[in-house]
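Student: Questions regarding the structure given below will be posed in turn.
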Amino acid sequence: MPDRLDLGSSLPRRSLEAIQNGTLRYAYKGVPMFKDPFDLALYQMLLWRLKPRCLIEIGSKAGGSALWFADVLAGYGLAAQIHSIDLEPPSLEIPGVVFHRGDGRRLGETLPDAVMRALPRPLIVVEDADHHAETTLRVLEFFDAWLAPDEYVVVEDGIVDDLYDAQRLAQFAGGPRQAVRTFLAARGADYELDIELCDFYGKNVTWNVNGYLRRVR
């Protein structure tokens with residue numbers, strides 16, 4: 001596992017930068033979404049496989065990804081709840097989506113035990129907050145108490161290790177991939193990387209580098 005977690009994207013830097021330029025300009029139904037083309041496809045495969053009845057997104061931004069998740073799940077005939085959490089949630093109104101004001105580092109305030117116990121399952125968690133290692137680690141630790149076998153937590157934006165220089169990455173204390181390494185060092189016996197998804201288009205050709213985590217027990 002440690003050797004795998006040290007692997008970044010196999011795409012060359014120039015290609016990553018060009019795709020990132022498009023990703024930052026991408027919108028869905030006119031709402032900024034900031035999803036790369038690889039994970040747009042990988043998420044659809046995962047959602048069809050898991051058929052979640054609840055999706056929790058940490059980091060709403062403009063709300064484009066919550067809107068897209070809602071449409072994909074509805075298109076699959078799944079009546080899923082979507083809860084999207086942000087320090088400054090958008091004002092969009094989307095059927096099936098509830099935006100919450102909350103902090104990824106203090107999720108218990110937004111998602112108390114009673115709420116978590118009442119959520120329909122299966123559950124998928126999308127960690128798409130501020131790229132900071134501490135935030136990602138807190139999210140992973142919070143949902144570790146709730147995820148059941150075969151449910152997923154997807155850690156987004158591990159690609160920052162490949163896109164950012166050392167000085168910028170230091171602002172995020174190592175970023176999402178450092179958080180994944182720390183979390184799996186402690187809890188790795190209960191999780192596995194979904195290598196099929198991570199490497200579907202080539203070795204870690206995903207913005208969620210080593211980020212598709214499945215609970216196994």
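Here's how to read the names in the structure tokens: chain A, B, ... by the order shown, residue numbers from 1 in each chain, ligand numbers from 1 in the order shown.
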Select from region 48-69 of chain A every residue with an atom at most 7 Å from any atom of region 75-98 of chain A, then for each give the shortest pair of atoms and their distance in Å to one decimal, using only C-alpha atoms, rows by chain and rising number, as a Markdown table.

Tutor:
| residue | atom | partner | partner_atom | distance |
| --- | --- | --- | --- | --- |
| A:Pro52 | CA | A:Ala80 | CA | 6.6 |
| A:Arg53 | CA | A:Ala80 | CA | 4.2 |
| A:Cys54 | CA | A:Gln81 | CA | 4.6 |
| A:Leu55 | CA | A:Ile82 | CA | 4.8 |
| A:Ile56 | CA | A:His83 | CA | 4.8 |
| A:Glu57 | CA | A:Ser84 | CA | 4.6 |
| A:Ile58 | CA | A:Ile85 | CA | 5.0 |
| A:Gly59 | CA | A:Asp86 | CA | 4.9 |
| A:Ser60 | CA | A:Asp86 | CA | 5.4 |
| A:Lys61 | CA | A:Pro89 | CA | 7.0 |
| A:Ala62 | CA | A:Pro90 | CA | 5.7 |
| A:Gly63 | CA | A:Pro90 | CA | 6.1 |
| A:Ala66 | CA | A:Ser84 | CA | 6.8 |
| A:Leu67 | CA | A:Ile94 | CA | 6.6 |

Student: Counting only C-alpha atoms, which residues in region 81-193 of chain A sit no more than 12 Å from region 34-46 of chain A? For each one, give the nearest pair of atoms and the distance in Å, sorted by chain then residue number, as a tab-separated table.

Tutor:
residue	atom	partner	partner_atom	distance
A:Leu123	CA	A:Leu46	CA	11.9
A:Ile124	CA	A:Leu46	CA	9.6
A:Val125	CA	A:Tyr43	CA	11.7
A:Val126	CA	A:Tyr43	CA	10.2
A:Asp128	CA	A:Lys35	CA	10.5
A:Asp150	CA	A:Leu46	CA	11.3
A:Glu151	CA	A:Leu46	CA	10.5
A:Tyr152	CA	A:Leu46	CA	9.2
A:Val153	CA	A:Leu46	CA	11.2
A:Val154	CA	A:Tyr43	CA	9.5
A:Val155	CA	A:Asp39	CA	11.6
A:Glu156	CA	A:Asp39	CA	9.4
A:Asp157	CA	A:Lys35	CA	9.7
A:Ile159	CA	A:Asp36	CA	10.8

Student: Please identify all polymer residues within 9 Å of Val160 (chain A), counting only C-alpha atoms, omitting same-chain residues fewer than 4 positions from it, and present them as a list in words.

Tutor: His131, Tyr164, Asp165, Leu169, Gly175, Pro176, Arg177 and Trp207 of chain A

Student: Return as a ChimeraX atom specification the full set of residues in region 19-195 of chain A whose backbone-based DSSP assignment is strand (DSSP E or B).

Tutor: /A:27-28,31-32,54-58,81-86,97-101,123-127,152-155,191-193

Student: May I have the selected residues written with N, CA and C atoms, as a short mmCIF file (atom, residue, chain, number, x, y, z; two decimals), in the first residue's frame?

Tutor:
data_model
loop_
_atom_site.label_atom_id
_atom_site.label_comp_id
_atom_site.auth_asym_id
_atom_site.auth_seq_id
_atom_site.Cartn_x
_atom_site.Cartn_y
_atom_site.Cartn_z
N ALA A 27 -18.59 24.20 -16.68
CA ALA A 27 -19.85 24.44 -15.99
C ALA A 27 -20.88 23.42 -16.46
N TYR A 28 -21.83 23.13 -15.59
CA TYR A 28 -22.92 22.22 -15.92
C TYR A 28 -24.22 22.98 -15.79
N VAL A 31 -23.82 26.32 -14.37
CA VAL A 31 -23.33 26.47 -13.00
C VAL A 31 -21.90 25.93 -12.93
N PRO A 32 -20.93 26.73 -12.46
CA PRO A 32 -19.55 26.23 -12.37
C PRO A 32 -19.49 24.92 -11.59
N CYS A 54 -27.98 7.79 -0.67
CA CYS A 54 -27.58 9.05 -0.06
C CYS A 54 -26.16 9.39 -0.51
N LEU A 55 -25.94 10.65 -0.86
CA LEU A 55 -24.61 11.15 -1.21
C LEU A 55 -24.36 12.39 -0.37
N ILE A 56 -23.22 12.41 0.30
CA ILE A 56 -22.82 13.58 1.09
C ILE A 56 -21.57 14.18 0.46
N GLU A 57 -21.67 15.44 0.12
CA GLU A 57 -20.57 16.16 -0.52
C GLU A 57 -20.05 17.21 0.45
N ILE A 58 -18.74 17.17 0.70
CA ILE A 58 -18.10 18.18 1.53
C ILE A 58 -17.41 19.17 0.61
N GLN A 81 -31.00 10.96 -1.61
CA GLN A 81 -30.80 12.22 -0.92
C GLN A 81 -29.38 12.71 -1.20
N ILE A 82 -29.24 14.02 -1.40
CA ILE A 82 -27.91 14.62 -1.53
C ILE A 82 -27.80 15.72 -0.50
N HIS A 83 -26.75 15.65 0.30
CA HIS A 83 -26.45 16.68 1.29
C HIS A 83 -25.09 17.27 0.93
N SER A 84 -25.06 18.56 0.69
CA SER A 84 -23.83 19.25 0.29
C SER A 84 -23.51 20.31 1.34
N ILE A 85 -22.28 20.27 1.85
CA ILE A 85 -21.90 21.08 3.01
C ILE A 85 -20.78 22.04 2.62
N ASP A 86 -20.92 23.30 3.02
CA ASP A 86 -19.91 24.30 2.70
C ASP A 86 -19.95 25.41 3.75
N VAL A 97 -31.69 17.91 -3.26
CA VAL A 97 -30.42 18.39 -2.70
C VAL A 97 -30.69 19.35 -1.55
N VAL A 98 -29.99 19.14 -0.45
CA VAL A 98 -30.04 20.07 0.68
C VAL A 98 -28.63 20.62 0.88
N PHE A 99 -28.50 21.94 0.80
CA PHE A 99 -27.23 22.59 1.09
C PHE A 99 -27.19 22.98 2.56
N HIS A 100 -26.08 22.66 3.21
CA HIS A 100 -25.91 22.95 4.63
C HIS A 100 -24.72 23.89 4.83
N ARG A 101 -24.83 24.78 5.76
CA ARG A 101 -23.68 25.57 6.18
C ARG A 101 -22.91 24.74 7.22
N LEU A 123 -24.44 4.63 1.20
CA LEU A 123 -23.95 6.00 1.30
C LEU A 123 -22.65 6.13 0.52
N ILE A 124 -22.51 7.26 -0.17
CA ILE A 124 -21.22 7.62 -0.77
C ILE A 124 -20.88 9.02 -0.29
N VAL A 125 -19.62 9.20 0.08
CA VAL A 125 -19.13 10.50 0.56
C VAL A 125 -18.13 11.04 -0.45
N VAL A 126 -18.28 12.31 -0.79
CA VAL A 126 -17.35 12.98 -1.70
C VAL A 126 -16.67 14.10 -0.91
N GLU A 127 -15.38 13.96 -0.69
CA GLU A 127 -14.61 14.96 0.06
C GLU A 127 -13.98 15.93 -0.95
N TYR A 152 -18.39 3.94 -0.10
CA TYR A 152 -17.21 4.65 -0.58
C TYR A 152 -17.07 6.03 0.05
N VAL A 153 -15.82 6.44 0.21
CA VAL A 153 -15.49 7.84 0.39
C VAL A 153 -14.50 8.18 -0.72
N VAL A 154 -14.82 9.20 -1.49
CA VAL A 154 -13.96 9.62 -2.60
C VAL A 154 -13.26 10.91 -2.19
N VAL A 155 -11.94 10.86 -2.18
CA VAL A 155 -11.15 12.04 -1.83
C VAL A 155 -10.72 12.72 -3.13
N TYR A 191 -10.08 -0.62 4.71
CA TYR A 191 -10.32 0.06 3.44
C TYR A 191 -9.41 -0.50 2.36
N GLU A 192 -9.83 -0.29 1.12
CA GLU A 192 -8.95 -0.57 -0.01
C GLU A 192 -9.15 0.48 -1.08
N LEU A 193 -8.09 0.75 -1.82
CA LEU A 193 -8.21 1.63 -2.97
C LEU A 193 -8.90 0.88 -4.09
#

Student: Select, from A:Ala189, A:Arg13, A:Leu147, A:Asp3, the residue with the minimum atom-to-atom distance to Pro120 (chain A), counting only C-alpha atoms.

Tutor: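 Using only C-alpha atoms, Pro120 (chain A) sits closest to A:Leu147.
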